[in-house]
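input.pdb (PDB, C-alpha atoms) appears below.
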```
ATOM      1  CA  MET A   1      44.684 119.242 100.024  1.00  0.00           C
ATOM      2  CA  ASN A   2      42.927 115.916  99.754  1.00  0.00           C
ATOM      3  CA  ASN A   3      44.142 113.661 102.579  1.00  0.00           C
ATOM      4  CA  LEU A   4      42.960 110.568 100.725  1.00  0.00           C
ATOM      5  CA  ARG A   5      45.734 111.083  98.185  1.00  0.00           C
ATOM      6  CA  LEU A   6      48.245 110.041 100.840  1.00  0.00           C
ATOM      7  CA  LEU A   7      46.871 106.515 100.725  1.00  0.00           C
ATOM      8  CA  ASP A   8      48.094 105.114  97.422  1.00  0.00           C
ATOM      9  CA  PRO A   9      45.802 102.196  96.431  1.00  0.00           C
ATOM     10  CA  THR A  10      48.573 100.558  94.383  1.00  0.00           C
ATOM     11  CA  LEU A  11      50.639  99.895  97.514  1.00  0.00           C
ATOM     12  CA  LYS A  12      50.099  96.671  99.410  1.00  0.00           C
ATOM     13  CA  ASP A  13      50.405  98.424 102.747  1.00  0.00           C
ATOM     14  CA  PRO A  14      48.460 101.711 102.944  1.00  0.00           C
ATOM     15  CA  PHE A  15      50.554 102.837 105.941  1.00  0.00           C
ATOM     16  CA  GLU A  16      53.687 102.732 103.787  1.00  0.00           C
ATOM     17  CA  SER A  17      52.566 105.745 101.771  1.00  0.00           C
ATOM     18  CA  VAL A  18      51.689 107.673 104.929  1.00  0.00           C
ATOM     19  CA  PHE A  19      55.108 107.048 106.456  1.00  0.00           C
ATOM     20  CA  ARG A  20      56.861 107.670 103.140  1.00  0.00           C
ATOM     21  CA  GLY A  21      55.375 111.154 103.035  1.00  0.00           C
ATOM     22  CA  PHE A  22      56.116 111.727 106.700  1.00  0.00           C
ATOM     23  CA  LEU A  23      59.771 110.701 106.417  1.00  0.00           C
ATOM     24  CA  ALA A  24      60.438 112.213 102.986  1.00  0.00           C
ATOM     25  CA  PRO A  25      62.284 115.330 104.214  1.00  0.00           C
ATOM     26  CA  MET A  26      64.585 113.266 106.425  1.00  0.00           C
ATOM     27  CA  ARG A  27      67.918 112.001 105.207  1.00  0.00           C
ATOM     28  CA  PHE A  28      69.079 108.564 106.231  1.00  0.00           C
ATOM     29  CA  ASP A  29      72.717 107.662 105.634  1.00  0.00           C
ATOM     30  CA  LEU A  30      72.365 103.915 105.842  1.00  0.00           C
ATOM     31  CA  ASP A  31      74.828 103.611 102.982  1.00  0.00           C
ATOM     32  CA  ASN A  32      77.250 106.068 104.504  1.00  0.00           C
ATOM     33  CA  ASP A  33      79.833 106.668 101.780  1.00  0.00           C
ATOM     34  CA  ALA A  34      82.095 108.506 104.217  1.00  0.00           C
ATOM     35  CA  LEU A  35      82.971 105.191 105.844  1.00  0.00           C
ATOM     36  CA  ASP A  36      84.063 103.491 102.618  1.00  0.00           C
ATOM     37  CA  ILE A  37      87.490 103.357 101.076  1.00  0.00           C
ATOM     38  CA  LYS A  38      86.881 103.327  97.333  1.00  0.00           C
ATOM     39  CA  VAL A  39      89.434 101.187  95.468  1.00  0.00           C
ATOM     40  CA  ASP A  40      90.351 100.419  91.874  1.00  0.00           C
ATOM     41  CA  VAL A  41      92.284  97.199  91.249  1.00  0.00           C
ATOM     42  CA  VAL A  42      94.026  96.563  87.919  1.00  0.00           C
ATOM     43  CA  GLU A  43      95.942  93.418  86.998  1.00  0.00           C
ATOM     44  CA  LYS A  44      98.765  94.001  84.535  1.00  0.00           C
ATOM     45  CA  ASP A  45     102.177  92.507  83.699  1.00  0.00           C
ATOM     46  CA  GLY A  46     102.401  90.083  86.600  1.00  0.00           C
ATOM     47  CA  ALA A  47     101.303  92.599  89.212  1.00  0.00           C
ATOM     48  CA  PHE A  48      98.272  94.240  90.747  1.00  0.00           C
ATOM     49  CA  LYS A  49      97.933  98.006  90.941  1.00  0.00           C
ATOM     50  CA  VAL A  50      95.556  99.287  93.609  1.00  0.00           C
ATOM     51  CA  GLN A  51      94.419 102.882  93.952  1.00  0.00           C
ATOM     52  CA  ALA A  52      92.478 103.797  97.082  1.00  0.00           C
ATOM     53  CA  ASP A  53      90.836 107.152  97.796  1.00  0.00           C
ATOM     54  CA  LEU A  54      91.737 108.419 101.261  1.00  0.00           C
ATOM     55  CA  PRO A  55      91.001 112.154 101.238  1.00  0.00           C
ATOM     56  CA  GLY A  56      91.866 114.090 104.376  1.00  0.00           C
ATOM     57  CA  VAL A  57      94.122 111.344 105.763  1.00  0.00           C
ATOM     58  CA  LYS A  58      97.786 111.902 106.595  1.00  0.00           C
ATOM     59  CA  LYS A  59     100.377 109.457 105.274  1.00  0.00           C
ATOM     60  CA  GLU A  60     101.441 108.444 108.785  1.00  0.00           C
ATOM     61  CA  ASP A  61      97.833 107.498 109.647  1.00  0.00           C
ATOM     62  CA  ILE A  62      97.629 104.817 106.917  1.00  0.00           C
ATOM     63  CA  ASN A  63      98.467 101.172 107.552  1.00  0.00           C
ATOM     64  CA  VAL A  64      98.638  98.547 104.776  1.00  0.00           C
ATOM     65  CA  ARG A  65      98.935  94.832 105.572  1.00  0.00           C
ATOM     66  CA  ILE A  66      99.468  92.028 103.074  1.00  0.00           C
ATOM     67  CA  ASP A  67      98.940  88.364 103.945  1.00  0.00           C
ATOM     68  CA  GLY A  68      99.189  86.109 100.895  1.00  0.00           C
ATOM     69  CA  ASN A  69      96.447  87.342  98.582  1.00  0.00           C
ATOM     70  CA  ARG A  70      94.665  89.342 101.295  1.00  0.00           C
ATOM     71  CA  VAL A  71      95.177  93.114 101.410  1.00  0.00           C
ATOM     72  CA  GLN A  72      93.998  95.288 104.305  1.00  0.00           C
ATOM     73  CA  ILE A  73      94.051  99.078 104.309  1.00  0.00           C
ATOM     74  CA  ASP A  74      93.418 100.914 107.592  1.00  0.00           C
ATOM     75  CA  ALA A  75      93.311 104.690 107.904  1.00  0.00           C
ATOM     76  CA  GLU A  76      92.426 107.292 110.490  1.00  0.00           C
ATOM     77  CA  ALA A  77      91.107 110.739 109.674  1.00  0.00           C
ATOM     78  CA  ARG A  78      91.636 113.130 112.558  1.00  0.00           C
ATOM     79  CA  ARG A  79      89.820 116.312 113.434  1.00  0.00           C
ATOM     80  CA  GLU A  80      92.356 118.911 114.402  1.00  0.00           C
ATOM     81  CA  LYS A  81      89.869 121.363 115.968  1.00  0.00           C
ATOM     82  CA  ASP A  82      86.395 122.795 115.541  1.00  0.00           C
ATOM     83  CA  ILE A  83      86.554 126.185 113.860  1.00  0.00           C
ATOM     84  CA  LYS A  84      84.054 128.703 115.181  1.00  0.00           C
ATOM     85  CA  GLU A  85      84.223 132.111 113.575  1.00  0.00           C
ATOM     86  CA  ASP A  86      83.729 135.156 115.814  1.00  0.00           C
ATOM     87  CA  GLY A  87      81.668 133.455 118.488  1.00  0.00           C
ATOM     88  CA  GLY A  88      79.621 131.470 115.985  1.00  0.00           C
ATOM     89  CA  LYS A  89      78.706 127.844 116.389  1.00  0.00           C
ATOM     90  CA  VAL A  90      78.970 124.828 114.137  1.00  0.00           C
ATOM     91  CA  LEU A  91      75.503 124.211 112.723  1.00  0.00           C
ATOM     92  CA  ARG A  92      76.288 121.087 110.741  1.00  0.00           C
ATOM     93  CA  SER A  93      79.408 118.965 110.292  1.00  0.00           C
ATOM     94  CA  GLU A  94      79.224 116.208 107.664  1.00  0.00           C
ATOM     95  CA  ARG A  95      82.910 115.500 107.287  1.00  0.00           C
ATOM     96  CA  TYR A  96      83.972 112.136 108.627  1.00  0.00           C
ATOM     97  CA  TYR A  97      86.543 111.756 111.393  1.00  0.00           C
ATOM     98  CA  GLY A  98      87.497 108.343 112.692  1.00  0.00           C
ATOM     99  CA  THR A  99      88.940 105.077 111.463  1.00  0.00           C
ATOM    100  CA  VAL A 100      88.116 103.217 108.280  1.00  0.00           C
ATOM    101  CA  SER A 101      89.231  99.833 107.049  1.00  0.00           C
ATOM    102  CA  ARG A 102      88.984  97.904 103.798  1.00  0.00           C
ATOM    103  CA  VAL A 103      89.911  94.265 103.225  1.00  0.00           C
ATOM    104  CA  PHE A 104      89.892  92.474  99.879  1.00  0.00           C
ATOM    105  CA  THR A 105      91.463  89.419  98.297  1.00  0.00           C
ATOM    106  CA  LEU A 106      93.297  89.165  95.019  1.00  0.00           C
ATOM    107  CA  SER A 107      93.365  86.225  92.629  1.00  0.00           C
ATOM    108  CA  GLN A 108      96.994  85.423  93.449  1.00  0.00           C
ATOM    109  CA  ASP A 109      99.405  85.802  96.347  1.00  0.00           C
ATOM    110  CA  VAL A 110     101.422  89.019  96.512  1.00  0.00           C
ATOM    111  CA  ASP A 111     105.207  89.164  96.817  1.00  0.00           C
ATOM    112  CA  ASP A 112     105.131  91.450  99.844  1.00  0.00           C
ATOM    113  CA  ALA A 113     108.941  91.921  99.785  1.00  0.00           C
ATOM    114  CA  LYS A 114     108.636  93.761  96.443  1.00  0.00           C
ATOM    115  CA  ALA A 115     105.387  95.623  97.176  1.00  0.00           C
ATOM    116  CA  VAL A 116     105.493  99.433  97.025  1.00  0.00           C
ATOM    117  CA  ALA A 117     103.051 101.960  98.517  1.00  0.00           C
ATOM    118  CA  LYS A 118     102.820 105.676  97.620  1.00  0.00           C
ATOM    119  CA  TYR A 119     100.446 108.313  98.928  1.00  0.00           C
ATOM    120  CA  GLU A 120      99.861 111.561  97.103  1.00  0.00           C
ATOM    121  CA  ASN A 121      96.957 114.029  96.930  1.00  0.00           C
ATOM    122  CA  GLY A 122      94.589 111.802  98.911  1.00  0.00           C
ATOM    123  CA  VAL A 123      95.199 108.697  96.763  1.00  0.00           C
ATOM    124  CA  LEU A 124      97.064 105.634  98.030  1.00  0.00           C
ATOM    125  CA  THR A 125      98.722 103.671  95.209  1.00  0.00           C
ATOM    126  CA  LEU A 126      99.913 100.116  95.815  1.00  0.00           C
ATOM    127  CA  ASP A 127     102.100  98.243  93.327  1.00  0.00           C
ATOM    128  CA  LEU A 128     101.736  94.594  94.316  1.00  0.00           C
ATOM    129  CA  PRO A 129     103.794  92.110  92.254  1.00  0.00           C
ATOM    130  CA  LYS A 130     102.478  88.562  92.105  1.00  0.00           C
ATOM    131  CA  ARG A 131     104.437  85.918  93.963  1.00  0.00           C
ATOM    132  CA  ALA A 132     106.253  83.596  91.562  1.00  0.00           C
ATOM    133  CA  GLY A 133     105.179  79.973  91.557  1.00  0.00           C
ATOM    134  CA  SER A 134     101.784  80.546  93.144  1.00  0.00           C
ATOM    135  CA  SER A 135      99.766  79.737  90.049  1.00  0.00           C
ATOM    136  CA  ALA A 136      96.641  77.696  90.468  1.00  0.00           C
ATOM    137  CA  LYS A 137      96.933  73.967  90.000  1.00  0.00           C
ATOM    138  CA  ARG A 138      94.141  71.979  88.452  1.00  0.00           C
ATOM    139  CA  LEU A 139      93.521  68.620  90.023  1.00  0.00           C
ATOM    140  CA  ALA A 140      92.546  65.610  87.971  1.00  0.00           C
ATOM    141  CA  ILE A 141      89.342  64.004  89.117  1.00  0.00           C
ATOM    142  CA  ASN A 142      89.541  60.217  89.441  1.00  0.00           C
TER
END
```
Would you put the structure from the file into structure tokens?
Amino acid sequence: MNNLRLLDPTLKDPFESVFRGFLAPMRFDLDNDALDIKVDVVEKDGAFKVQADLPGVKKEDINVRIDGNRVQIDAEARREKDIKEDGGKVLRSERYYGTVSRVFTLSQDVDDAKAVAKYENGVLTLDLPKRAGSSAKRLAIN
């Protein structure tokens, strides 16, 4: 192997290519998807419909708060126990256990008295009707 090939002349920093090769087999989870609550928000017929993926979370471990047009979803995934088969040991565990939270704002205030939440098969569905009379007002500029 030619060691000079590690130094790529097109890179501004020759050490970058050396470290890139050195760190290539390692996996960095800087964008750890396990910590995110993925949501879809649809606006239709005077209401918002939100679907949030919360796999592995029990219904009683989900908390939804609505404050005007701000929606917050908190959830906790719990580890019941480590399973070790016949004296074996856990070599790698990538499943996430802990708390997650997601906050987002909608374009209009929500009528929280009429809001409905359902949880089924790892998907939280929120039906959030818009609050009447909270339409935006345009101000005249003098």
Give as a PyMOL selection string every residue, naming chains and numbers as the document does, that has an atom within 12 Å of (90.4, 91.0, 92.4), counting all atoms listed in the file.
chain A and resi 39-44+47-50+69-71+103-110
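Interatomic distance, atom CA of Gly56 of chain A against atom CA of Lys38 of chain A: 13.8 Å.
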Surrounding residues of Ile62 of chain A excluding itself and chain neighbours under 3 positions, 9 Å, only C-alpha atoms, as a ChimeraX atom specification:
/A:54,57-59,73-76,124
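Pairwise distance (atom CA of Asp45 of chain A, atom CA of Lys130 of chain A) equals 9.3 Å.
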